[in-house]
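Engineer: One file is attached below, upload02.cif, containing mmCIF, C-alpha atoms.
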```cif
data_protein
loop_
_atom_site.label_atom_id
_atom_site.label_comp_id
_atom_site.auth_asym_id
_atom_site.auth_seq_id
_atom_site.Cartn_x
_atom_site.Cartn_y
_atom_site.Cartn_z
CA MET J 24 35.58 20.01 40.24
CA LYS J 25 33.89 17.17 42.10
CA LYS J 26 31.31 16.75 39.34
CA GLN J 27 34.04 16.64 36.70
CA CYS J 28 35.97 14.04 38.70
CA CYS J 29 32.82 11.94 39.06
CA LYS J 30 32.17 12.14 35.30
CA GLU J 31 35.77 11.15 34.51
CA THR J 32 35.61 8.16 36.84
CA GLU J 33 32.28 7.12 35.35
CA THR J 34 33.65 7.27 31.79
CA ASN J 35 36.71 5.30 32.87
CA GLN J 36 34.48 2.66 34.39
CA ASN J 37 32.43 2.42 31.22
CA GLN J 38 35.58 2.09 29.12
CA GLN J 39 36.87 -0.65 31.40
CA LEU J 40 33.54 -2.45 31.21
CA SER J 41 33.63 -2.18 27.43
CA LEU J 42 37.10 -3.74 27.38
CA ASP J 43 35.94 -6.51 29.68
CA TYR J 44 32.93 -7.02 27.45
CA CYS J 45 35.15 -7.38 24.36
CA CYS J 46 37.29 -9.95 26.15
CA TRP J 47 34.57 -12.33 27.25
CA PHE J 48 32.15 -11.62 24.41
CA GLU J 49 33.13 -14.65 22.38
CA ASP J 50 33.50 -16.87 25.43
CA ALA J 51 29.97 -16.04 26.58
CA CYS J 52 28.54 -17.67 23.47
CA ILE J 53 29.61 -21.13 24.65
CA LEU J 54 28.04 -20.78 28.08
CA ASP J 55 24.94 -22.60 29.22
CA MET J 56 21.66 -20.67 29.03
CA ASP J 57 21.14 -20.49 32.78
CA TYR J 58 24.71 -19.40 33.42
CA PHE J 59 24.40 -16.83 30.61
CA VAL J 60 21.32 -15.30 32.27
CA LYS J 61 23.17 -15.04 35.62
CA THR J 62 26.18 -13.47 33.96
CA LEU J 63 23.99 -11.00 32.10
CA SER J 64 22.27 -10.04 35.34
CA ASN J 65 25.63 -9.27 36.96
CA ILE J 66 26.62 -7.13 33.99
CA LYS J 67 23.40 -5.11 34.25
CA GLN J 68 24.12 -4.43 37.92
CA LYS J 69 27.51 -2.97 37.00
CA GLY J 70 25.82 -0.27 34.89
CA VAL J 71 26.73 -1.34 31.37
CA ARG J 72 24.93 0.59 28.66
CA ALA J 73 21.75 -0.92 27.26
CA ASP J 74 23.06 -1.01 23.68
CA LEU J 75 26.04 -3.14 24.78
CA ILE J 76 23.71 -5.54 26.56
CA GLY J 77 21.59 -5.70 23.44
CA SER J 78 24.66 -6.53 21.36
CA ILE J 79 25.54 -9.36 23.75
CA ILE J 80 22.03 -10.81 23.50
CA THR J 81 21.83 -10.60 19.69
CA HIS J 82 25.26 -12.16 19.24
CA TYR J 83 24.56 -14.92 21.73
CA ALA J 84 21.17 -15.66 20.14
CA SER J 85 22.55 -15.80 16.60
CA LYS J 86 25.23 -18.27 17.72
CA TRP J 87 22.82 -20.62 19.45
CA LEU J 88 19.91 -20.21 17.03
CA PRO J 89 20.93 -19.58 13.40
CA ASP J 90 17.33 -18.63 12.53
CA LEU J 91 17.91 -15.34 14.34
CA GLU J 92 20.98 -14.54 12.29
CA ALA J 93 20.88 -11.82 9.68
CA SER J 94 20.61 -12.73 6.00
CA ASN J 95 24.13 -11.53 5.24
CA ALA J 96 25.79 -13.76 7.82
CA ASN J 97 28.59 -16.11 6.93
CA ALA J 98 27.84 -19.50 5.44
CA ASN J 99 29.71 -21.35 8.17
CA ALA J 100 26.98 -20.83 10.72
CA ASN J 101 24.37 -22.13 8.28
CA ALA J 102 26.53 -25.13 7.46
CA ASN J 103 26.96 -25.91 11.15
CA ALA J 104 23.25 -25.57 11.70
CA ASN J 105 22.50 -27.95 8.83
CA ALA J 106 25.03 -30.44 10.19
CA ASN J 107 23.49 -30.28 13.66
CA ALA J 108 20.02 -30.73 12.20
CA SER J 109 21.08 -33.79 10.20
CA SER J 110 22.78 -35.33 13.24
CA ASN J 111 19.77 -34.70 15.46
CA ALA J 112 17.42 -36.23 12.91
CA ASN J 113 18.77 -39.69 13.70
CA SER J 114 17.23 -39.73 17.19
CA PRO J 115 13.48 -40.46 17.43
CA GLU J 116 12.80 -37.51 19.77
CA SER J 117 14.80 -34.98 17.76
CA ALA J 118 11.85 -32.96 16.44
CA THR J 119 10.05 -32.62 19.77
CA THR J 120 13.23 -32.00 21.73
CA SER J 121 14.43 -29.36 19.29
CA TRP J 122 11.04 -27.66 19.35
CA MET J 123 10.97 -27.55 23.14
CA LYS J 124 14.53 -26.23 23.32
CA LYS J 125 13.76 -23.45 20.86
CA LYS J 126 10.64 -22.48 22.77
CA PHE J 127 12.53 -22.30 26.08
CA PHE J 128 15.39 -20.41 24.43
CA VAL J 129 13.11 -17.78 22.85
CA GLU J 130 11.06 -17.24 25.99
CA THR J 131 14.24 -16.81 28.03
CA LEU J 132 15.62 -14.27 25.55
CA ILE J 133 12.41 -12.24 25.68
CA SER J 134 12.53 -12.19 29.48
CA VAL J 135 16.11 -10.80 29.61
CA LEU J 136 15.69 -8.06 26.96
CA PRO J 137 16.61 -4.60 28.31
CA PRO J 138 13.65 -2.25 28.74
CA ASP J 139 15.25 0.55 26.71
CA LYS J 140 13.60 1.33 23.40
CA ASP J 141 16.56 1.28 21.00
CA SER J 142 18.70 -1.29 22.77
CA ILE J 143 17.75 -4.11 20.36
CA PRO J 144 17.51 -3.61 16.56
CA CYS J 145 13.99 -3.89 15.16
CA ASN J 146 14.97 -6.43 12.49
CA PHE J 147 16.35 -8.79 15.15
CA LEU J 148 13.12 -8.44 17.12
CA LEU J 149 11.14 -9.31 13.99
CA ARG J 150 13.24 -12.43 13.43
CA LEU J 151 12.74 -13.33 17.07
CA LEU J 152 9.00 -12.80 16.67
CA ARG J 153 8.99 -15.03 13.62
CA THR J 154 10.68 -17.82 15.57
CA ALA J 155 8.37 -17.24 18.54
CA ASN J 156 5.32 -17.74 16.32
CA MET J 157 6.88 -20.82 14.80
CA VAL J 158 7.46 -22.55 18.17
CA SER J 159 4.20 -21.21 19.68
CA VAL J 160 5.51 -19.36 22.72
CA GLU J 161 3.16 -18.23 25.49
CA ALA J 162 0.76 -15.37 24.76
CA THR J 163 2.39 -13.06 27.32
CA TYR J 164 5.82 -13.39 25.71
CA ARG J 165 4.34 -12.86 22.24
CA ALA J 166 2.50 -9.74 23.37
CA GLU J 167 5.65 -8.35 24.98
CA LEU J 168 7.62 -8.93 21.79
CA GLU J 169 4.93 -7.35 19.61
CA ASN J 170 4.94 -4.27 21.84
CA ARG J 171 8.70 -3.91 21.53
CA VAL J 172 8.50 -4.22 17.73
CA SER J 173 5.75 -1.61 17.52
CA TRP J 174 7.95 0.88 19.42
CA GLN J 175 10.40 1.03 16.53
CA LEU J 176 8.32 -0.17 13.59
CA ASP J 177 9.62 2.71 11.47
CA GLN J 178 13.09 1.06 11.57
CA ALA J 179 11.86 -2.27 10.19
CA SER J 180 12.60 -3.58 6.70
CA LEU J 181 10.09 -5.07 4.30
CA LYS J 182 11.97 -8.36 4.13
CA GLU J 183 11.71 -8.93 7.88
CA LEU J 184 8.01 -8.04 7.86
CA MET J 185 7.27 -10.95 5.51
CA ILE J 186 6.50 -13.28 8.42
CA PRO J 187 4.74 -16.47 7.27
CA SER J 188 1.57 -17.65 8.89
CA PHE J 189 2.12 -20.72 11.05
CA SER J 190 -1.55 -21.08 11.96
CA HIS J 191 -3.57 -23.80 10.26
CA THR J 192 -6.74 -21.71 10.39
CA CYS J 193 -5.25 -18.84 8.38
CA GLY J 194 -5.63 -19.16 4.62
CA THR J 195 -2.98 -16.62 3.63
CA LEU J 196 0.70 -17.37 3.26
CA LEU J 197 1.77 -14.34 5.30
CA ASP J 198 0.57 -13.41 8.76
CA VAL J 199 -1.44 -10.32 7.82
CA GLU J 200 -3.25 -10.14 11.15
CA LEU J 201 0.11 -9.79 12.92
CA ILE J 202 1.07 -6.78 10.79
CA ILE J 203 -2.33 -5.20 11.41
CA ARG J 204 -1.78 -5.53 15.17
CA LEU J 205 1.73 -4.05 14.91
CA VAL J 206 0.52 -1.04 12.92
CA LYS J 207 -2.38 -0.35 15.29
CA ARG J 208 -0.10 -0.58 18.32
CA PHE J 209 2.34 1.79 16.65
CA LEU J 210 -0.46 4.29 16.12
CA ASN J 211 -1.66 3.89 19.72
CA LEU J 212 1.71 5.03 21.07
CA ASP J 213 0.41 8.62 21.03
CA HIS J 214 -2.32 7.63 23.47
CA ASP J 215 0.13 5.81 25.72
CA GLY J 216 2.27 8.89 26.32
CA SER J 217 5.14 8.33 23.86
CA LYS J 218 4.56 10.42 20.75
CA THR J 219 5.44 9.24 17.26
CA SER J 220 7.16 11.70 14.98
CA ALA J 221 5.80 12.68 11.57
CA ALA J 222 8.87 11.22 9.85
CA ALA J 223 8.34 7.86 11.58
CA LEU J 224 4.67 7.88 10.53
CA VAL J 225 5.62 8.52 6.89
CA LYS J 226 8.15 5.65 6.96
CA VAL J 227 5.56 3.25 8.39
CA ALA J 228 3.04 4.34 5.72
CA LYS J 229 5.53 3.57 2.93
CA LEU J 230 6.34 0.25 4.56
CA VAL J 231 2.66 -0.69 4.81
CA ASP J 232 2.01 0.22 1.16
CA CYS J 233 4.92 -1.94 0.01
CA TYR J 234 3.68 -4.78 2.22
CA LEU J 235 0.17 -4.45 0.74
CA ALA J 236 1.58 -4.69 -2.77
CA GLU J 237 3.38 -7.91 -1.84
CA VAL J 238 0.56 -9.55 0.12
CA GLY J 239 -1.95 -8.51 -2.55
CA LEU J 240 -0.49 -11.22 -4.79
CA ASP J 241 -2.00 -13.84 -2.49
CA SER J 242 -5.28 -15.03 -3.99
CA ASN J 243 -6.51 -16.09 -0.53
CA LEU J 244 -6.23 -12.60 0.94
CA SER J 245 -9.70 -11.36 1.84
CA LEU J 246 -10.92 -7.89 1.00
CA SER J 247 -11.61 -7.10 4.66
CA GLN J 248 -7.98 -7.81 5.62
CA PHE J 249 -6.67 -5.64 2.79
CA VAL J 250 -8.98 -2.75 3.66
CA SER J 251 -8.28 -3.09 7.38
CA LEU J 252 -4.53 -2.73 6.89
CA ALA J 253 -4.78 0.00 4.26
CA ALA J 254 -7.24 2.08 6.31
CA ALA J 255 -5.37 1.62 9.59
CA LEU J 256 -3.12 4.59 8.82
CA PRO J 257 -4.53 8.15 8.86
CA THR J 258 -4.79 10.10 5.63
CA HIS J 259 -2.03 12.55 6.55
CA ALA J 260 0.49 9.71 6.97
CA ARG J 261 0.95 9.32 3.20
CA ALA J 262 2.75 12.09 1.37
CA THR J 263 1.61 10.56 -1.93
CA ASP J 264 -0.89 7.81 -2.64
CA ASP J 265 1.12 6.19 -5.43
CA GLY J 266 2.10 3.22 -3.27
CA LEU J 267 -1.47 2.67 -2.12
CA TYR J 268 -2.73 2.89 -5.71
CA ARG J 269 -0.15 0.34 -6.84
CA ALA J 270 -1.22 -2.03 -4.04
CA ILE J 271 -4.92 -1.67 -4.93
CA ASP J 272 -4.20 -2.21 -8.61
CA THR J 273 -2.23 -5.36 -7.77
CA TYR J 274 -5.06 -6.66 -5.60
CA LEU J 275 -7.65 -6.03 -8.33
CA LYS J 276 -5.46 -7.74 -10.90
CA VAL J 277 -5.10 -10.90 -8.81
CA HIS J 278 -8.76 -10.84 -7.62
CA PRO J 279 -10.88 -10.27 -10.74
CA SER J 280 -14.03 -11.49 -8.97
CA VAL J 281 -14.28 -8.35 -6.83
CA SER J 282 -17.70 -6.76 -7.33
CA LYS J 283 -18.33 -3.25 -8.59
CA GLN J 284 -19.33 -1.93 -5.19
CA GLU J 285 -16.21 -3.42 -3.60
CA ARG J 286 -14.06 -1.77 -6.26
CA LYS J 287 -15.67 1.56 -5.46
CA GLY J 288 -14.94 1.01 -1.76
CA LEU J 289 -11.28 0.30 -2.51
CA CYS J 290 -10.92 3.38 -4.69
CA ARG J 291 -12.35 5.57 -1.92
CA LEU J 292 -9.14 4.87 0.00
CA ILE J 293 -7.17 6.76 -2.67
CA ASP J 294 -6.98 10.54 -2.61
CA SER J 295 -6.72 11.55 -6.27
CA ARG J 296 -5.22 14.90 -5.25
CA LYS J 297 -2.15 13.08 -3.85
CA LEU J 298 -1.36 11.11 -7.01
CA THR J 299 1.64 12.06 -9.12
CA PRO J 300 1.08 12.79 -12.84
CA GLU J 301 2.49 9.38 -13.77
CA ALA J 302 0.10 7.57 -11.42
CA SER J 303 -2.83 9.71 -12.59
CA LEU J 304 -2.08 8.86 -16.22
CA HIS J 305 -1.98 5.17 -15.39
CA ALA J 306 -5.20 5.39 -13.37
CA ALA J 307 -7.03 7.19 -16.19
CA GLN J 308 -6.23 4.29 -18.54
CA ASN J 309 -6.81 1.53 -16.00
CA GLU J 310 -9.77 -0.65 -17.00
CA ARG J 311 -9.91 -2.31 -13.58
CA LEU J 312 -10.98 0.90 -11.87
CA PRO J 313 -14.64 1.99 -11.84
CA VAL J 314 -15.66 4.82 -14.17
CA ARG J 315 -16.40 7.16 -11.29
CA ALA J 316 -12.83 6.82 -9.97
CA VAL J 317 -11.39 7.53 -13.43
CA ILE J 318 -13.56 10.63 -13.78
CA GLN J 319 -12.44 11.82 -10.36
CA VAL J 320 -8.79 11.47 -11.37
CA LEU J 321 -9.42 13.40 -14.62
CA PHE J 322 -11.28 16.13 -12.76
CA THR J 323 -8.43 16.48 -10.28
CA GLU J 324 -5.85 16.76 -13.06
CA GLN J 325 -8.00 19.37 -14.81
CA THR J 326 -8.20 21.37 -11.58
CA LYS J 327 -4.42 21.19 -11.15
CA LEU J 328 -3.96 22.36 -14.74
CA ASN J 329 -6.32 25.30 -14.28
CA ARG J 330 -4.49 26.33 -11.12
CA HIS J 331 -1.20 26.12 -12.96
CA ILE J 332 -2.55 28.29 -15.77
CA ASP J 333 -3.98 30.84 -13.34
CA TRP J 334 -0.69 30.96 -11.48
CA SER J 335 1.23 31.45 -14.73
CA THR J 336 -1.15 34.21 -15.81
CA SER J 337 -0.91 36.05 -12.51
CA PHE J 338 2.85 35.65 -12.47
CA SER J 339 3.18 37.02 -15.99
CA SER J 340 0.87 39.96 -15.12
CA LEU J 341 3.09 40.79 -12.16
CA ARG J 342 6.09 40.71 -14.47
CA SER J 343 4.44 43.04 -17.01
CA PRO J 344 5.00 46.84 -16.78
CA SER J 345 1.32 47.46 -16.02
CA GLY J 346 1.48 45.14 -13.02
CA TYR J 347 3.93 47.26 -11.06
CA HIS J 348 1.35 49.79 -9.93
CA GLY J 349 1.17 49.24 -6.20
CA VAL J 350 2.12 45.57 -6.45
CA LEU J 351 5.87 45.43 -6.69
CA GLU J 352 8.00 48.26 -5.53
CA THR J 353 11.22 46.98 -7.07
CA PRO J 354 11.50 45.64 -10.63
CA GLU J 355 12.13 41.93 -11.00
CA ARG J 356 13.85 39.95 -13.74
CA SER J 357 11.42 39.24 -16.58
CA LEU J 358 11.21 35.80 -18.11
CA SER J 359 13.26 35.24 -21.21
CA LYS J 360 11.71 34.20 -24.50
CA ARG J 361 13.15 30.71 -24.14
CA GLU J 362 11.65 30.28 -20.67
CA MET J 363 8.27 31.52 -21.86
CA ASN J 364 8.31 29.10 -24.80
CA ALA J 365 9.22 26.19 -22.53
CA GLN J 366 6.43 27.13 -20.14
CA GLN J 367 3.89 27.41 -22.95
CA MET J 368 4.97 24.04 -24.38
CA GLU J 369 4.53 22.41 -20.98
CA ILE J 370 1.04 23.89 -20.57
CA LYS J 371 0.12 22.79 -24.10
CA LYS J 372 1.32 19.27 -23.39
CA LEU J 373 -0.70 19.11 -20.18
CA LYS J 374 -3.80 20.33 -22.04
CA GLU J 375 -3.37 17.67 -24.71
CA ASP J 376 -2.98 14.94 -22.07
CA VAL J 377 -6.10 16.02 -20.23
CA ARG J 378 -8.08 16.35 -23.50
CA ARG J 379 -7.02 12.87 -24.59
CA LEU J 380 -7.89 11.36 -21.23
CA GLN J 381 -11.29 13.08 -21.28
CA SER J 382 -12.05 11.72 -24.76
CA GLN J 383 -11.15 8.20 -23.63
CA CYS J 384 -13.34 8.52 -20.56
CA ASN J 385 -16.25 9.85 -22.66
CA ALA J 386 -15.86 6.95 -25.09
CA MET J 387 -15.96 4.47 -22.23
CA GLN J 388 -19.05 6.16 -20.78
CA ALA J 389 -20.80 6.18 -24.18
CA GLN J 390 -20.08 2.51 -24.67
CA MET J 391 -21.52 1.67 -21.25
CA ASP J 392 -24.63 3.78 -21.96
CA LYS J 393 -25.05 2.06 -25.31
CA MET J 394 -24.94 -1.37 -23.66
CA ALA J 395 -27.51 -0.22 -21.10
CA GLU J 396 -29.82 1.14 -23.81
CA LYS J 397 -29.71 -2.16 -25.67
CA LYS J 398 -31.12 -3.91 -22.62
CA LYS J 399 -33.90 -1.33 -22.17
CA GLY J 400 -34.78 -0.77 -25.85
CA PHE J 401 -37.48 -3.43 -26.12
CA PHE J 402 -39.42 -2.03 -23.19
CA LYS J 403 -39.28 1.51 -24.63
CA TRP J 404 -40.89 0.38 -27.92
CA LYS J 405 -43.57 -1.49 -26.03
CA LYS J 406 -44.55 1.69 -24.19
CA LEU J 407 -44.73 3.70 -27.45
CA GLY J 408 -46.89 1.08 -29.18
CA PHE J 409 -44.34 0.03 -31.84
CA SER J 410 -44.31 -3.73 -31.74
CA LYS J 411 -44.30 -6.46 -34.30
CA THR J 412 -47.78 -6.79 -35.91
CA ASN J 413 -49.06 -9.79 -37.81
CA GLY J 414 -52.13 -9.73 -40.05
CA GLU J 415 -53.60 -10.97 -43.27
CA THR J 416 -52.18 -8.07 -45.28
CA GLY J 417 -48.61 -8.47 -44.01
CA SER J 418 -46.28 -7.90 -41.10
CA VAL J 419 -43.92 -5.07 -40.18
CA GLU J 420 -40.52 -5.76 -38.54
CA ILE J 421 -38.60 -3.04 -36.72
CA ASN J 422 -34.90 -2.60 -37.29
CA GLU J 423 -32.43 -2.90 -34.34
CA THR J 424 -31.25 0.67 -34.91
CA GLN J 425 -34.75 2.02 -34.28
CA THR J 426 -35.14 -0.18 -31.19
CA GLU J 427 -31.86 1.13 -29.78
CA PHE J 428 -32.52 4.85 -30.25
CA GLY J 429 -36.36 4.72 -29.88
CA PHE J 430 -37.50 6.96 -32.77
CA GLY J 431 -41.20 7.85 -32.32
CA ARG J 432 -42.17 9.42 -35.68
CA GLN J 433 -40.72 8.67 -39.11
CA THR J 434 -41.64 9.61 -42.67
CA PRO J 435 -42.18 7.05 -45.41
CA MET J 436 -38.80 8.00 -46.92
CA ASP J 437 -37.10 7.18 -43.61
CA MET J 438 -39.05 3.98 -43.30
CA LYS J 439 -37.88 2.93 -46.74
CA THR J 440 -34.44 2.00 -45.50
CA SER J 441 -35.38 0.79 -42.03
CA ILE J 442 -38.64 -1.14 -42.50
CA VAL J 443 -38.92 -4.42 -44.37
CA VAL J 444 -42.39 -5.00 -45.75
CA LYS J 445 -43.49 -8.57 -46.13
CA GLY J 446 -46.42 -9.37 -48.43
CA ARG J 447 -48.41 -6.51 -49.90
CA THR J 448 -47.20 -2.88 -49.49
CA PRO J 449 -49.86 -0.45 -48.15
CA GLN J 450 -51.44 1.79 -50.78
CA ASN J 451 -50.59 5.11 -49.14
CA TRP J 452 -46.92 4.14 -49.04
CA ARG J 453 -47.00 2.83 -52.63
CA LYS J 454 -48.06 6.22 -53.93
CA SER J 455 -45.41 8.04 -51.94
CA LEU J 456 -42.69 5.68 -53.01
CA SER J 457 -43.61 6.12 -56.67
#
```
Using structure tokens, write down the structure that the file contains.
Structural biologist:
Amino acid sequence: MKKQCCKETETNQNQQLSLDYCCWFEDACILDMDYFVKTLSNIKQKGVRADLIGSIITHYASKWLPDLEASNANANANANANANASSNANSPESATTSWMKKKFFVETLISVLPPDKDSIPCNFLLRLLRTANMVSVEATYRAELENRVSWQLDQASLKELMIPSFSHTCGTLLDVELIIRLVKRFLNLDHDGSKTSAAALVKVAKLVDCYLAEVGLDSNLSLSQFVSLAAALPTHARATDDGLYRAIDTYLKVHPSVSKQERKGLCRLIDSRKLTPEASLHAAQNERLPVRAVIQVLFTEQTKLNRHIDWSTSFSSLRSPSGYHGVLETPERSLSKREMNAQQMEIKKLKEDVRRLQSQCNAMQAQMDKMAEKKKGFFKWKKLGFSKTNGETGSVEINETQTEFGFGRQTPMDMKTSIVVKGRTPQNWRKSLS
């Protein structure tokens, strides 16, 4: 009974504090920063929940600094902010004063954030981090804010992750190094004692792939930065590699100067077994990928098709009357003729797709071999002793077709169409030609 009475009194106190919070919530937004910090400290001592304190901080920050407001906020706050900016622009110290005020405001907000993990939304923390980088807050405050963002990175949105780079030494438009640090800190949470769930890891992997596809459009993005962010996540984090493939394809499209070896290194990040049929079809026809990667995709699809055929064969054998000996004790429903026809049509379609992709890959390989043979043809003829000879009786010129394929022995009838004789024709050939 005493415990129940204590719980009832505690809930009543929380309800009363919530009512008090609703009453002075709007009035707190007009308070001075120092007085707001003192008031917030008194509220924490009364035992108000961390989520309510987080709501107070986010609302107060969005009122004083419109940059921290969500994108769907009302237009009145933006209009007031623009009016204040235009009025402050008249004073000569407006830029420096505004910058110093923002820096002090952001650092104070970071210092009063509640220690609980989910007390502040992740998107608000990202907007606060964006403003902190813009006004160049101290390194300790920036590190604290990055740690808090990494705790709940799986709740972030792609729009809030598009933080621009405010450093003059960085060539990219977006701060890629910041995202790399956030992802690595998120992965290091397992070593720090707080485990990350598999669902959170999958969400972060999708978020990183989407971010890579967006930042890959920047022509100044280096290959090392792209690979560092793409390889930061473990292989089991991605359910499918379609997003990673799309990001790599975007990067190769914008950066055509990437060498062949670098393309191979990028394609090693993709697991062809985790590509959907649509992505595999696109990869098999993608001219930007190296031939080895295309062959790997075709081989994987062929393996999947063979497994599907083996599974269908074993399943049909189990359904047949001869397959019930010691395998199935109770009869099962056999496939109808319509289902069997649909299954056979699907297998036939998959076979045709794989056959067509293999023919395209073989044609590409033959064309590359042909180009390589053209470069080496001259040296092959020199080794065999067939070179251009000049003499008093005439000269023999070798056709390009012979140089390409390197025929060693030919009859006079074959030489009739491929050898042009200048001057006098040799006697032994003249008799054979007659």
Engineer: Do you have the CA of Asp90 in chain J-CA of Leu148 in chain J distance handy?
Structural biologist: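 Taking CA of Asp90 in chain J and CA of Leu148 in chain J, their separation equals 11.9 Å.
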Engineer: Here's the selection I'm unsure about, the PyMOL selection byres ((chain J and resi 152) around 9); applied to the file above, which residues does it give, as a list in words?
Structural biologist: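 Taken on the displayed file, the PyMOL selection byres ((chain J and resi 152) around 9) yields the residues Val129, Phe147, Leu148, Leu149, Arg150, Leu151, Arg153, Thr154, Ala155, Asn156, Met157, Arg165, Leu168, Glu169, Val172 and Ile186 of chain J.
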Engineer: Using CA of Glu237 in chain J and CA of His191 in chain J as the two end points, give the distance in Å to one decimal.
Structural biologist: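 Taking CA of Glu237 in chain J and CA of His191 in chain J, their separation equals 21.1 Å.
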Engineer: Taking 2 positions as the minimum chain separation for residues in the same chain, which residues sit within 12 Å of Gln178 in chain J when counting only C-alpha atoms? Answer as a list of chain:residue names.
Structural biologist: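 My reading of the contact set: J:Lys140, J:Asp141, J:Ile143, J:Pro144, J:Cys145, J:Asn146, J:Phe147, J:Leu148, J:Leu149, J:Arg171, J:Val172, J:Ser173, J:Trp174, J:Gln175, J:Leu176, J:Ser180, J:Leu181, J:Glu183, J:Leu184, J:Phe209, J:Ala222, J:Ala223, J:Leu224, J:Val225, J:Lys226, J:Val227, J:Lys229, J:Leu230.
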Engineer: Quote the spacing between CA of Ser242 in chain J and CA of Leu267 in chain J in Å to one decimal place.
Structural biologist: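 Interatomic distance, CA of Ser242 in chain J to CA of Leu267 in chain J: 18.2 Å.
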Engineer: Using the chain letters and numbers from the file, give me the residues hit by the PyMOL selection byres ((chain J and resi 381-393) around 9), as a list in words.
Structural biologist: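 For this structure, the PyMOL selection byres ((chain J and resi 381-393) around 9) resolves to Ala307, Gln308, Val314, Val317, Ile318, Leu321, Asp376, Val377, Arg378, Arg379, Leu380, Met394, Ala395, Glu396, Lys397, Lys398 and Glu427 of chain J.
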Engineer: Could you give me, as a PyMOL selection string, the residues within 10 Å of Ser64 in chain J, counting all atoms listed in the file and dropping anything in the same chain fewer than 6 positions from it?
Structural biologist: chain J and resi 58+76+135
Engineer: For Asn243 in chain J, work out the shell of residues within 10 Å, counting only C-alpha atoms and skipping chain neighbours fewer than 2 positions away, then give it as a list in words.
Structural biologist: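 Everything that qualifies: Cys193, Gly194, Thr195, Leu196, Val238, Gly239, Leu240, Asp241, Ser245, Leu246, Val277 and His278 of chain J.
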